[in-house]
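Peer 1: Just one file: data.txt, with compact mmCIF, C-alpha atoms.
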```txt
# COMPACT_ATOMS: atom_id res chain seq x y z
CA MET O 1399 21.14 101.52 -21.48
CA GLY O 1400 19.48 100.80 -18.16
CA ASN O 1401 17.01 98.26 -16.87
CA PHE O 1402 14.84 98.03 -20.01
CA LYS O 1403 12.28 95.25 -20.55
CA PRO O 1404 8.87 94.74 -22.22
CA PHE O 1405 6.22 97.09 -20.86
CA VAL O 1406 2.92 96.01 -19.35
CA ILE O 1407 0.34 98.06 -17.50
CA ASP O 1408 0.64 96.56 -14.02
CA THR O 1409 -0.96 97.66 -10.78
CA THR O 1410 1.77 100.26 -10.25
CA CYS O 1411 0.96 101.92 -13.55
CA GLN O 1412 -2.75 101.74 -12.88
CA ASP O 1413 -2.24 103.39 -9.51
CA LEU O 1414 -0.20 106.18 -11.09
CA LEU O 1415 -2.87 106.80 -13.74
CA GLN O 1416 -5.45 107.02 -10.96
CA PHE O 1417 -3.12 109.38 -9.08
CA ILE O 1418 -3.32 111.74 -12.05
CA ASP O 1419 -7.11 111.57 -11.94
CA SER O 1420 -7.04 112.47 -8.26
CA LYS O 1421 -5.26 115.74 -9.12
CA GLN O 1422 -8.03 117.02 -11.43
CA GLN O 1423 -9.59 119.49 -9.00
CA ILE O 1424 -6.20 120.87 -7.97
CA ARG O 1425 -5.19 121.34 -11.60
CA GLU O 1426 -8.41 123.21 -12.36
CA GLU O 1427 -7.82 125.54 -9.44
CA GLN O 1428 -4.21 126.14 -10.52
CA LEU O 1429 -5.38 126.86 -14.05
CA LEU O 1430 -7.92 129.40 -12.84
CA SER O 1431 -5.16 131.25 -11.01
CA LEU O 1432 -2.82 131.14 -14.00
CA VAL O 1433 -5.24 132.48 -16.60
CA GLU O 1434 -5.93 135.52 -14.41
CA ILE O 1435 -2.30 136.58 -14.99
CA ASN O 1436 -1.87 138.47 -18.24
CA SER O 1437 1.27 137.03 -19.79
CA SER O 1438 1.36 138.57 -23.24
CA SER O 1439 4.75 138.04 -24.88
CA LEU O 1440 5.25 141.82 -24.66
CA ASN O 1441 4.33 141.95 -20.97
CA PRO O 1442 7.48 140.60 -19.29
CA VAL O 1443 6.17 141.38 -15.80
CA GLY O 1444 3.16 139.10 -16.34
CA VAL O 1445 5.25 136.46 -18.10
CA ASN O 1446 7.60 136.40 -15.11
CA ARG O 1447 4.71 136.11 -12.67
CA THR O 1448 3.52 133.08 -14.63
CA GLY O 1449 7.01 131.57 -14.63
CA GLU O 1450 7.32 132.12 -10.90
CA PHE O 1451 3.99 130.35 -10.36
CA PHE O 1452 5.18 127.33 -12.33
CA SER O 1453 8.53 127.40 -10.55
CA THR O 1454 6.81 126.65 -7.26
CA LEU O 1455 5.33 123.54 -8.87
CA PHE O 1456 8.35 122.18 -10.79
CA THR O 1457 11.20 123.01 -8.41
CA PRO O 1458 10.22 120.35 -5.82
CA LEU O 1459 10.47 117.69 -8.54
CA ALA O 1460 13.80 118.79 -10.01
CA ASP O 1461 17.43 118.40 -9.00
CA SER O 1462 18.12 121.93 -10.19
CA ALA O 1463 16.09 125.00 -11.12
CA GLU O 1464 17.46 128.00 -12.99
CA ARG O 1465 15.97 131.30 -14.09
CA ILE O 1466 17.61 132.55 -17.30
CA GLU O 1467 17.47 136.01 -18.85
CA VAL O 1468 16.99 135.90 -22.62
CA HIS O 1469 18.08 138.46 -25.19
CA PRO O 1470 15.57 141.19 -26.09
CA TRP O 1471 13.56 140.93 -29.28
CA GLU O 1472 15.17 143.12 -31.92
CA ARG O 1473 12.71 144.17 -34.62
CA MET O 1474 11.79 147.03 -36.91
CA ASN O 1475 8.99 149.24 -35.62
CA PHE O 1476 6.53 151.23 -37.70
CA SER O 1477 8.78 154.27 -37.52
CA GLY O 1478 11.30 152.32 -39.54
CA GLN O 1479 13.72 152.03 -36.61
CA ILE O 1480 15.14 148.90 -34.96
CA SER O 1481 13.65 148.63 -31.50
CA SER O 1482 14.57 146.39 -28.58
CA GLN O 1483 11.69 144.69 -26.77
CA PRO O 1484 12.49 143.24 -23.31
CA LEU O 1485 11.22 139.71 -22.78
CA GLY O 1486 10.40 137.64 -19.73
CA ASP O 1487 12.75 135.06 -18.26
CA LEU O 1488 13.16 131.42 -19.25
CA TRP O 1489 12.96 128.67 -16.63
CA HIS O 1490 15.16 125.56 -16.74
CA PHE O 1491 14.45 122.56 -14.51
CA ASN O 1492 16.62 119.43 -14.63
CA LYS O 1493 16.47 115.92 -13.19
CA ARG O 1494 18.99 113.06 -13.47
CA PRO O 1495 21.31 114.49 -16.15
CA ASN O 1496 23.25 111.20 -16.30
CA ALA O 1497 20.30 108.88 -16.93
CA PRO O 1498 20.51 106.76 -20.12
CA VAL O 1499 17.55 108.48 -21.80
CA GLN O 1500 17.35 112.28 -21.74
CA ILE O 1501 14.03 113.95 -22.52
CA LEU O 1502 13.52 117.66 -23.18
CA MET O 1503 10.02 118.86 -22.22
CA CYS O 1504 9.02 122.31 -23.43
CA GLY O 1505 6.27 124.80 -22.74
CA HIS O 1506 5.81 128.55 -23.03
CA THR O 1507 4.60 130.99 -20.42
CA ASP O 1508 3.52 133.71 -22.87
CA THR O 1509 0.17 134.24 -24.60
CA VAL O 1510 -1.01 136.36 -27.53
CA PHE O 1511 -3.41 138.52 -25.50
CA PRO O 1512 -2.14 142.05 -24.70
CA PRO O 1513 -2.86 143.67 -21.33
CA ASP O 1514 -5.31 146.14 -22.89
CA CYS O 1515 -7.50 143.60 -24.69
CA ASN O 1516 -10.96 142.71 -23.39
CA PHE O 1517 -10.16 139.01 -22.95
CA GLN O 1518 -8.57 138.78 -19.50
CA HIS O 1519 -10.68 136.47 -17.35
CA ALA O 1520 -12.10 132.97 -17.20
CA THR O 1521 -15.73 132.08 -17.94
CA ARG O 1522 -17.31 128.67 -17.46
CA ILE O 1523 -19.02 127.57 -20.67
CA ASP O 1524 -20.33 124.40 -19.05
CA ARG O 1525 -19.16 121.77 -16.59
CA ASN O 1526 -16.33 120.55 -18.86
CA ARG O 1527 -15.27 123.66 -20.78
CA LEU O 1528 -13.55 126.83 -19.63
CA ASN O 1529 -13.18 129.92 -21.80
CA ALA O 1530 -10.01 131.75 -20.72
CA PRO O 1531 -6.89 133.40 -22.20
CA GLY O 1532 -4.07 130.89 -22.48
CA ALA O 1533 -6.10 128.09 -20.93
CA ALA O 1534 -5.39 125.76 -23.86
CA ASP O 1535 -2.37 127.54 -25.31
CA MET O 1536 -0.68 126.66 -23.14
CA LYS O 1537 -1.02 127.09 -19.40
CA GLY O 1538 -3.19 123.99 -19.29
CA GLY O 1539 -0.55 122.14 -21.31
CA ILE O 1540 2.18 122.90 -18.79
CA LEU O 1541 -0.05 121.52 -16.04
CA VAL O 1542 -0.39 118.34 -18.12
CA MET O 1543 3.40 118.13 -18.24
CA LEU O 1544 3.58 118.61 -14.47
CA SER O 1545 1.10 115.81 -13.76
CA ALA O 1546 2.96 113.41 -16.05
CA LEU O 1547 6.27 114.13 -14.31
CA GLU O 1548 4.73 113.74 -10.86
CA ALA O 1549 3.56 110.28 -11.93
CA LEU O 1550 6.94 109.37 -13.47
CA GLU O 1551 8.75 110.31 -10.26
CA GLN O 1552 6.76 107.62 -8.44
CA HIS O 1553 7.55 104.91 -11.00
CA PRO O 1554 10.10 102.25 -9.94
CA LEU O 1555 12.10 102.67 -13.19
CA ARG O 1556 12.26 106.47 -13.10
CA GLU O 1557 16.07 106.32 -12.86
CA ASN O 1558 16.17 105.32 -16.54
CA ILE O 1559 14.92 108.77 -17.58
CA GLY O 1560 16.52 112.15 -17.07
CA TRP O 1561 14.46 115.17 -17.98
CA THR O 1562 14.77 118.86 -18.59
CA VAL O 1563 11.81 121.24 -18.53
CA LEU O 1564 12.18 124.50 -20.45
CA LEU O 1565 9.49 127.14 -20.03
CA ASN O 1566 10.26 129.92 -22.48
CA PRO O 1567 8.75 133.43 -22.48
CA ASP O 1568 8.52 134.16 -26.21
CA GLU O 1569 7.12 131.22 -28.20
CA GLU O 1570 4.13 133.18 -29.45
CA ILE O 1571 6.42 135.66 -31.24
CA GLY O 1572 8.68 132.97 -32.72
CA SER O 1573 11.03 132.37 -29.76
CA PRO O 1574 13.50 135.09 -30.84
CA GLY O 1575 15.20 135.25 -27.44
CA SER O 1576 15.00 131.58 -26.46
CA ALA O 1577 15.85 129.95 -29.82
CA PRO O 1578 19.60 129.66 -29.04
CA ILE O 1579 18.79 127.95 -25.72
CA LEU O 1580 16.39 125.53 -27.41
CA GLU O 1581 19.07 124.65 -29.96
CA LYS O 1582 21.70 124.13 -27.26
CA GLU O 1583 19.43 121.93 -25.15
CA ALA O 1584 18.31 119.89 -28.16
CA ALA O 1585 21.87 118.62 -28.58
CA LYS O 1586 21.85 117.21 -25.04
CA HIS O 1587 18.67 115.17 -25.35
CA HIS O 1588 17.29 112.16 -27.20
CA LEU O 1589 13.63 113.16 -27.39
CA GLY O 1590 11.55 116.32 -27.22
CA LEU O 1591 8.02 116.55 -25.80
CA ILE O 1592 6.16 119.82 -26.29
CA TYR O 1593 2.85 120.68 -24.68
CA GLU O 1594 1.14 122.78 -27.32
CA PRO O 1595 -2.62 122.07 -27.43
CA ALA O 1596 -3.83 119.16 -29.49
CA LEU O 1597 -5.75 119.90 -32.67
CA PRO O 1598 -9.47 120.46 -31.96
CA ASP O 1599 -10.41 116.81 -32.57
CA GLY O 1600 -7.60 115.61 -30.30
CA SER O 1601 -5.24 114.76 -33.15
CA LEU O 1602 -1.53 115.49 -32.99
CA ALA O 1603 0.41 117.63 -35.42
CA GLY O 1604 2.76 115.69 -37.68
CA GLU O 1605 4.55 117.69 -40.33
CA ARG O 1606 4.68 121.43 -39.81
CA LYS O 1607 5.45 124.25 -42.21
CA GLY O 1608 8.37 126.59 -41.66
CA SER O 1609 7.74 130.26 -40.97
CA GLY O 1610 9.46 133.57 -41.57
CA ASN O 1611 8.45 137.05 -40.43
CA PHE O 1612 9.59 140.02 -42.47
CA THR O 1613 9.29 143.81 -42.62
CA ILE O 1614 9.77 146.00 -45.66
CA LYS O 1615 10.50 149.69 -45.19
CA VAL O 1616 9.74 151.98 -48.12
CA GLU O 1617 11.30 155.44 -48.01
CA GLY O 1618 10.06 158.04 -50.48
CA ARG O 1619 10.14 161.83 -50.56
CA ALA O 1620 7.72 164.18 -48.80
CA ALA O 1621 6.04 167.04 -50.66
CA HIS O 1622 2.93 169.21 -50.46
CA ALA O 1623 0.12 167.22 -52.05
CA GLY O 1624 -1.51 170.36 -53.52
CA ARG O 1625 1.30 172.73 -54.44
CA GLU O 1626 4.00 170.40 -55.79
CA PRO O 1627 3.00 166.73 -55.65
CA GLU O 1628 5.31 165.98 -58.58
CA LYS O 1629 8.32 166.62 -56.32
CA GLY O 1630 7.21 163.89 -53.92
CA ARG O 1631 7.73 160.14 -54.06
CA ASN O 1632 4.71 158.41 -52.54
CA ALA O 1633 5.86 155.65 -50.19
CA ILE O 1634 2.33 154.26 -49.81
CA ASN O 1635 1.88 153.83 -53.56
CA LYS O 1636 5.25 152.14 -53.84
CA ALA O 1637 4.45 149.86 -50.89
CA ALA O 1638 1.15 148.91 -52.55
CA LEU O 1639 2.95 147.92 -55.75
CA ILE O 1640 5.40 145.80 -53.78
CA MET O 1641 2.62 144.11 -51.81
CA LEU O 1642 0.83 143.16 -55.02
CA GLU O 1643 4.09 141.74 -56.33
CA LEU O 1644 4.60 139.75 -53.13
CA ASP O 1645 1.07 138.38 -53.37
CA LYS O 1646 2.01 136.72 -56.66
CA LEU O 1647 4.59 134.60 -54.78
CA ASN O 1648 1.80 132.55 -53.22
CA HIS O 1649 2.05 128.91 -54.37
CA THR O 1650 4.99 129.60 -56.68
CA ARG O 1651 6.55 126.71 -54.75
CA PRO O 1652 4.53 123.83 -53.28
CA GLY O 1653 2.92 124.93 -50.03
CA LEU O 1654 4.37 128.46 -50.08
CA THR O 1655 1.97 131.06 -48.70
CA LEU O 1656 2.57 134.75 -48.02
CA ASN O 1657 0.30 136.94 -45.93
CA THR O 1658 0.68 140.70 -45.52
CA GLY O 1659 -0.72 141.37 -42.07
CA MET O 1660 0.20 144.89 -40.94
CA ILE O 1661 0.97 148.27 -42.52
CA GLN O 1662 1.47 151.79 -41.23
CA ALA O 1663 2.11 154.88 -43.30
CA GLY O 1664 1.24 158.53 -43.77
CA GLU O 1665 0.40 161.43 -41.49
CA THR O 1666 -2.20 163.47 -43.36
CA THR O 1667 -3.87 163.54 -46.77
CA ASN O 1668 -2.28 166.81 -47.89
CA LYS O 1669 1.26 165.48 -47.66
CA VAL O 1670 2.94 162.98 -50.00
CA PRO O 1671 3.98 160.26 -47.54
CA ASP O 1672 7.70 159.58 -47.36
CA LEU O 1673 7.58 156.40 -45.24
CA ALA O 1674 5.60 153.18 -45.34
CA VAL O 1675 6.35 150.08 -43.27
CA PHE O 1676 4.55 146.77 -43.69
CA LYS O 1677 4.96 143.33 -42.19
CA PHE O 1678 4.27 139.91 -43.66
CA ASN O 1679 4.64 136.21 -42.92
CA ILE O 1680 5.77 133.42 -45.23
CA ARG O 1681 5.09 129.70 -44.71
CA ILE O 1682 7.09 127.04 -46.56
CA ASN O 1683 7.02 123.25 -46.90
CA ALA O 1684 10.69 122.72 -47.76
CA ALA O 1685 13.75 124.10 -45.96
CA GLU O 1686 15.47 124.89 -49.26
CA ASP O 1687 12.67 127.31 -50.11
CA ALA O 1688 13.81 129.66 -47.34
CA ALA O 1689 16.92 130.79 -49.21
CA TRP O 1690 14.92 131.17 -52.44
CA CYS O 1691 12.34 133.34 -50.68
CA VAL O 1692 14.92 135.60 -49.08
CA GLN O 1693 16.77 136.05 -52.37
CA THR O 1694 13.52 136.81 -54.18
CA LEU O 1695 12.54 139.39 -51.55
CA GLU O 1696 15.95 141.04 -51.74
CA ASP O 1697 15.72 141.17 -55.55
CA ILE O 1698 12.30 142.83 -55.35
CA CYS O 1699 13.61 145.43 -52.91
CA THR O 1700 16.68 146.10 -55.06
CA THR O 1701 14.57 146.55 -58.19
CA HIS O 1702 12.22 149.07 -56.58
CA SER O 1703 15.12 150.95 -54.98
CA ARG O 1704 16.38 151.75 -58.48
CA ASP O 1705 13.43 154.08 -59.00
CA GLU O 1706 14.61 157.64 -58.39
CA GLY O 1707 13.75 158.96 -54.95
CA TYR O 1708 12.95 155.60 -53.35
CA GLN O 1709 14.81 153.33 -50.98
CA VAL O 1710 13.34 149.92 -50.14
CA SER O 1711 14.88 147.71 -47.47
CA LEU O 1712 14.10 144.23 -46.14
CA HIS O 1713 14.32 143.11 -42.51
CA GLY O 1714 13.53 139.75 -40.92
CA GLN O 1715 14.27 136.07 -41.39
CA PHE O 1716 12.94 132.55 -41.27
CA GLY O 1717 12.87 131.76 -37.57
CA ARG O 1718 11.49 128.25 -37.95
CA MET O 1719 12.30 125.64 -40.56
CA PRO O 1720 9.76 123.00 -41.65
CA LYS O 1721 9.35 119.95 -39.44
CA ARG O 1722 9.45 116.76 -41.51
CA PHE O 1723 7.72 113.52 -40.61
CA ASP O 1724 10.72 111.17 -40.90
CA SER O 1725 11.28 107.60 -39.68
CA GLU O 1726 12.19 108.69 -36.15
CA HIS O 1727 9.01 110.72 -35.84
CA GLN O 1728 7.03 107.82 -37.27
CA SER O 1729 8.42 105.51 -34.59
CA LEU O 1730 7.50 108.05 -31.90
CA PHE O 1731 3.93 108.33 -33.12
CA ASN O 1732 3.69 104.54 -33.31
CA LEU O 1733 4.74 104.36 -29.66
CA LEU O 1734 2.30 107.08 -28.65
CA GLN O 1735 -0.47 105.35 -30.56
CA ARG O 1736 0.32 102.20 -28.63
CA CYS O 1737 -0.02 104.15 -25.38
CA SER O 1738 -3.29 105.74 -26.43
CA SER O 1739 -4.69 102.34 -27.39
CA GLN O 1740 -3.85 101.04 -23.93
CA LEU O 1741 -5.88 103.93 -22.54
CA GLY O 1742 -8.74 103.11 -24.87
CA VAL O 1743 -8.51 106.43 -26.72
CA PRO O 1744 -7.55 106.22 -30.42
CA ILE O 1745 -5.21 108.98 -31.55
CA HIS O 1746 -4.26 110.29 -34.98
CA TRP O 1747 -1.98 112.93 -36.45
CA GLN O 1748 -2.06 115.25 -39.42
CA ALA O 1749 0.05 117.85 -41.15
CA THR O 1750 -0.52 121.49 -40.24
CA GLY O 1751 0.52 124.90 -41.51
CA GLY O 1752 1.12 126.07 -37.95
CA CYS O 1753 4.54 126.02 -36.35
CA CYS O 1754 5.96 125.98 -32.83
CA ASP O 1755 9.12 125.16 -30.92
CA GLY O 1756 8.82 121.63 -32.31
CA ASN O 1757 10.15 123.15 -35.54
CA ASN O 1758 13.16 124.51 -33.66
CA LEU O 1759 13.95 121.19 -32.01
CA SER O 1760 13.52 119.28 -35.26
CA ALA O 1761 15.85 121.69 -37.09
CA ALA O 1762 18.40 121.06 -34.34
CA GLY O 1763 18.13 117.31 -34.95
CA LEU O 1764 15.90 116.37 -32.01
CA PRO O 1765 12.87 114.14 -32.78
CA ASN O 1766 9.83 115.42 -30.93
CA ILE O 1767 6.09 115.23 -30.38
CA ASP O 1768 4.77 118.76 -30.11
CA THR O 1769 1.03 118.61 -29.41
CA LEU O 1770 0.84 116.71 -26.13
CA GLY O 1771 -1.12 119.43 -24.38
CA VAL O 1772 -4.82 119.74 -23.64
CA LYS O 1773 -7.82 119.54 -25.93
CA GLY O 1774 -9.66 122.74 -26.74
CA ASN O 1775 -10.36 125.08 -29.59
CA PHE O 1776 -10.28 128.66 -30.94
CA ILE O 1777 -6.81 129.41 -29.60
CA HIS O 1778 -5.53 132.96 -30.22
CA SER O 1779 -9.08 134.30 -30.04
CA ASP O 1780 -11.41 135.47 -27.28
CA GLN O 1781 -13.31 132.21 -27.81
CA GLU O 1782 -10.38 130.08 -26.68
CA TYR O 1783 -11.47 127.25 -24.44
CA ILE O 1784 -10.08 124.15 -22.78
CA GLU O 1785 -11.83 120.83 -22.29
CA LEU O 1786 -11.12 120.49 -18.59
CA PRO O 1787 -11.13 116.66 -18.41
CA SER O 1788 -8.17 116.70 -20.82
CA LEU O 1789 -6.00 118.04 -17.98
CA SER O 1790 -6.08 114.47 -16.67
CA HIS O 1791 -6.60 112.48 -19.86
CA ARG O 1792 -3.66 114.03 -21.69
CA ALA O 1793 -1.45 113.79 -18.60
CA GLN O 1794 -2.22 110.06 -18.44
CA LEU O 1795 -1.16 109.73 -22.08
CA SER O 1796 2.17 111.48 -21.40
CA ALA O 1797 2.73 109.54 -18.19
CA LEU O 1798 2.13 106.24 -19.96
CA LEU O 1799 4.55 107.30 -22.71
CA LEU O 1800 7.21 108.08 -20.09
CA MET O 1801 6.59 104.74 -18.35
CA HIS O 1802 7.00 102.93 -21.67
CA ILE O 1803 10.30 104.71 -22.30
CA ALA O 1804 11.52 104.09 -18.74
CA THR O 1805 10.78 100.39 -19.23
CA GLU O 1806 11.68 99.75 -22.88
CA GLY O 1807 13.86 102.69 -23.92
CA LEU O 1808 13.29 104.69 -27.09
CA PRO O 1809 12.55 102.78 -30.30
CA PHE O 1810 15.15 104.69 -32.33
CA LEU O 1811 17.76 105.38 -29.64
CA LYS O 1812 21.36 104.40 -30.23
CA GLN O 1813 24.24 105.24 -27.95
CA SER O 1814 27.96 104.88 -28.17
CA GLU O 1815 29.96 103.23 -25.42
CA THR O 1816 30.56 106.66 -23.92
CA GLY O 1817 26.83 107.31 -23.73
CA GLU O 1818 26.88 110.10 -26.30
CA LYS O 1819 23.83 110.68 -28.41
CA ILE O 1820 23.92 109.22 -31.93
CA CYS O 1821 20.31 109.74 -33.00
```
Write the structure described by the file as structure tokens, please.
Peer 2:
Amino acid sequence: MGNFKPFVIDTTCQDLLQFIDSKQQIREEQLLSLVEINSSSLNPVGVNRTGEFFSTLFTPLADSAERIEVHPWERMNFSGQISSQPLGDLWHFNKRPNAPVQILMCGHTDTVFPPDCNFQHATRIDRNRLNAPGAADMKGGILVMLSALEALEQHPLRENIGWTVLLNPDEEIGSPGSAPILEKEAAKHHLGLIYEPALPDGSLAGERKGSGNFTIKVEGRAAHAGREPEKGRNAINKAALIMLELDKLNHTRPGLTLNTGMIQAGETTNKVPDLAVFKFNIRINAAEDAAWCVQTLEDICTTHSRDEGYQVSLHGQFGRMPKRFDSEHQSLFNLLQRCSSQLGVPIHWQATGGCCDGNNLSAAGLPNIDTLGVKGNFIHSDQEYIELPSLSHRAQLSALLLMHIATEGLPFLKQSETGEKIC
């Protein structure tokens, strides 16, 4: 298992923590360059520019660097057709694949802000806060990851840790193209570290809900709204009935919420509309609720399709299962809390309805901490900001965690004689 022993913060560790502090100005300058690149999930050119920027920073640290094309995002559009959306590339950096502890570190290069929105540039709020698209979620977080790895690579026990960095291009839309790669990599590692922003008070996310995105297409029959409306079958009216029925599913199981977020239908008021398409999201607390939800949705569609002149179809799936706070995750948080105490910064965690690639890794059996990124607030809005000092503070927390693991190993890690993972 390597040269593991009790961990103490010695002069080497103190020097490495100070090294991270010395990088603060450089990190701020890098962040300012990054947030000026629009990297909306649906803007693969910008996503790739962001990935290329990070590649220049991570490649010198790694033994190998690989750029990977992911599958397009297949989804139903508002014309009721399945469309194929090209995505940016995924970046894979690897170091010491034969080390006794293997850590998977994840970040995403995409943001939620489209190229035509008004929020494209950085604005200084004050000395310590920067308002900018993707500053907290999560370009700043990836810089935190970089600083922690730069410190680890100067630690005398770095050989005890092998690491993989995955920067995926599609997290903000549920990782549809990168999910198979995340699942594959999870099986090769003992621990996952994900650099989503911390909660606004600096807390970490513990349990997370699962999430599914769905589309329902309602096909009716067109007719002239004045001359012969009785010959038509109004797709908007039928969609409205279905949406009201879906709304009643809220809280039918503990923690289940359903939100209808988008709808498009109709061409003019003097025509009975023959097509309505609407999209909705479901959050669940328990993995077994996913199958129940899908069956319920299919039953609702089948029932309404029995009405003469209508066809109702369901598209979509649960892309992320709930992340449970089990004993392995508890031991990880205990270790991180120990690290934060050594830095003199208490840290807490709490359950959240949000989800991220931590859900994917957990579903694949990989314990992970998924909010190791910067502090900030108002993510996914034009008020998003980062607390700039957290570029260093959070990197010191991650670096200390890595030094602990390099020295003591993982608290829950077991290995067979062949070195295979048995977590």
Peer 1: Find the residues of region 1633-1731 of chain O that sit at most 10 Å from region 1556-1580 of chain O; for each, write down the nearest two atoms and how far apart they are in Å, to one decimal. Count all atoms listed in the file. Sort by chain, then by number going up, and give it as a tab-separated table.
Peer 2:
```
residue	atom	partner	partner_atom	distance
O:Phe1716	CA	O:Gly1572	CA	9.6
O:Gly1717	CA	O:Gly1572	CA	6.5
O:Arg1718	CA	O:Gly1572	CA	7.6
```
Peer 1: What would the list of residues within 12 Å of (24.3, 113.0, -17.6) (file frame) look like as a PyMOL selection string, if all atoms listed in the file are what count?
Peer 2: chain O and resi 1492-1501+1557-1562+1586-1588+1816-1819
Peer 1: For region 1513-1547 of chain O against region 1760-1775 of chain O, with a cut-off of 12 Å and counting all atoms listed in the file, what is the closest atom pair and its distance in Å to one decimal for every residue that makes the cut, ordered by chain and number, as a Markdown table?
Peer 2:
```
| residue | atom | partner | partner_atom | distance |
| --- | --- | --- | --- | --- |
| O:Asn1526 | CA | O:Gly1774 | CA | 10.6 |
| O:Arg1527 | CA | O:Gly1774 | CA | 8.2 |
| O:Leu1528 | CA | O:Gly1774 | CA | 9.1 |
| O:Asn1529 | CA | O:Gly1774 | CA | 9.4 |
| O:Ala1530 | CA | O:Gly1774 | CA | 10.8 |
| O:Pro1531 | CA | O:Asn1775 | CA | 11.7 |
| O:Gly1532 | CA | O:Gly1774 | CA | 10.8 |
| O:Ala1533 | CA | O:Gly1774 | CA | 8.7 |
| O:Ala1534 | CA | O:Gly1774 | CA | 6.0 |
| O:Asp1535 | CA | O:Gly1771 | CA | 8.3 |
| O:Met1536 | CA | O:Gly1771 | CA | 7.3 |
| O:Lys1537 | CA | O:Gly1771 | CA | 9.1 |
| O:Gly1538 | CA | O:Val1772 | CA | 6.3 |
| O:Gly1539 | CA | O:Gly1771 | CA | 4.1 |
| O:Ile1540 | CA | O:Gly1771 | CA | 7.4 |
| O:Leu1541 | CA | O:Gly1771 | CA | 8.7 |
| O:Val1542 | CA | O:Gly1771 | CA | 6.4 |
| O:Met1543 | CA | O:Gly1771 | CA | 7.7 |
| O:Leu1544 | CA | O:Gly1771 | CA | 11.0 |
| O:Ser1545 | CA | O:Gly1771 | CA | 11.4 |
| O:Ala1546 | CA | O:Leu1770 | CA | 10.8 |
```
Peer 1: Tell me, as an NGL selection string, which residues lie within 12 Å of Glu1706 (chain O), counting all atoms listed in the file; anything in the same chain fewer than 5 positions away does not count.
Peer 2: :O and (1617-1619 or 1629-1632 or 1636 or 1701)
Peer 1: Write out as a PDB file with C-alpha atoms, keeping the file's coordinate frame the residues lying within 8 Å of region 1410-1414 of chain O, counting only C-alpha atoms and excluding same-chain residues fewer than 3 positions away.
Peer 2:
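Generated file (part.pdb):
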```
ATOM      1  CA  ILE O1407       0.340  98.060 -17.500  1.00  0.00           C
ATOM      2  CA  PHE O1417      -3.120 109.380  -9.080  1.00  0.00           C
ATOM      3  CA  ILE O1418      -3.320 111.740 -12.050  1.00  0.00           C
ATOM      4  CA  ALA O1549       3.560 110.280 -11.930  1.00  0.00           C
ATOM      5  CA  GLN O1552       6.760 107.620  -8.440  1.00  0.00           C
ATOM      6  CA  HIS O1553       7.550 104.910 -11.000  1.00  0.00           C
ATOM      7  CA  LEU O1798       2.130 106.240 -19.960  1.00  0.00           C
ATOM      8  CA  MET O1801       6.590 104.740 -18.350  1.00  0.00           C
TER       9      MET O1801
END
```
Peer 1: Do you have the CA of Leu1673 (chain O)-CA of Met1474 (chain O) distance handy?
Peer 2: 13.2 Å
Peer 1: Just checking: using all atoms listed in the file, which residue out of O:Ile1698, O:Leu1430, O:Ile1661, O:Leu1654 ends up closest to Ala1684 (chain O)?
Peer 2: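 Ranked by minimum distance to Ala1684 (chain O), first place goes to O:Leu1654.
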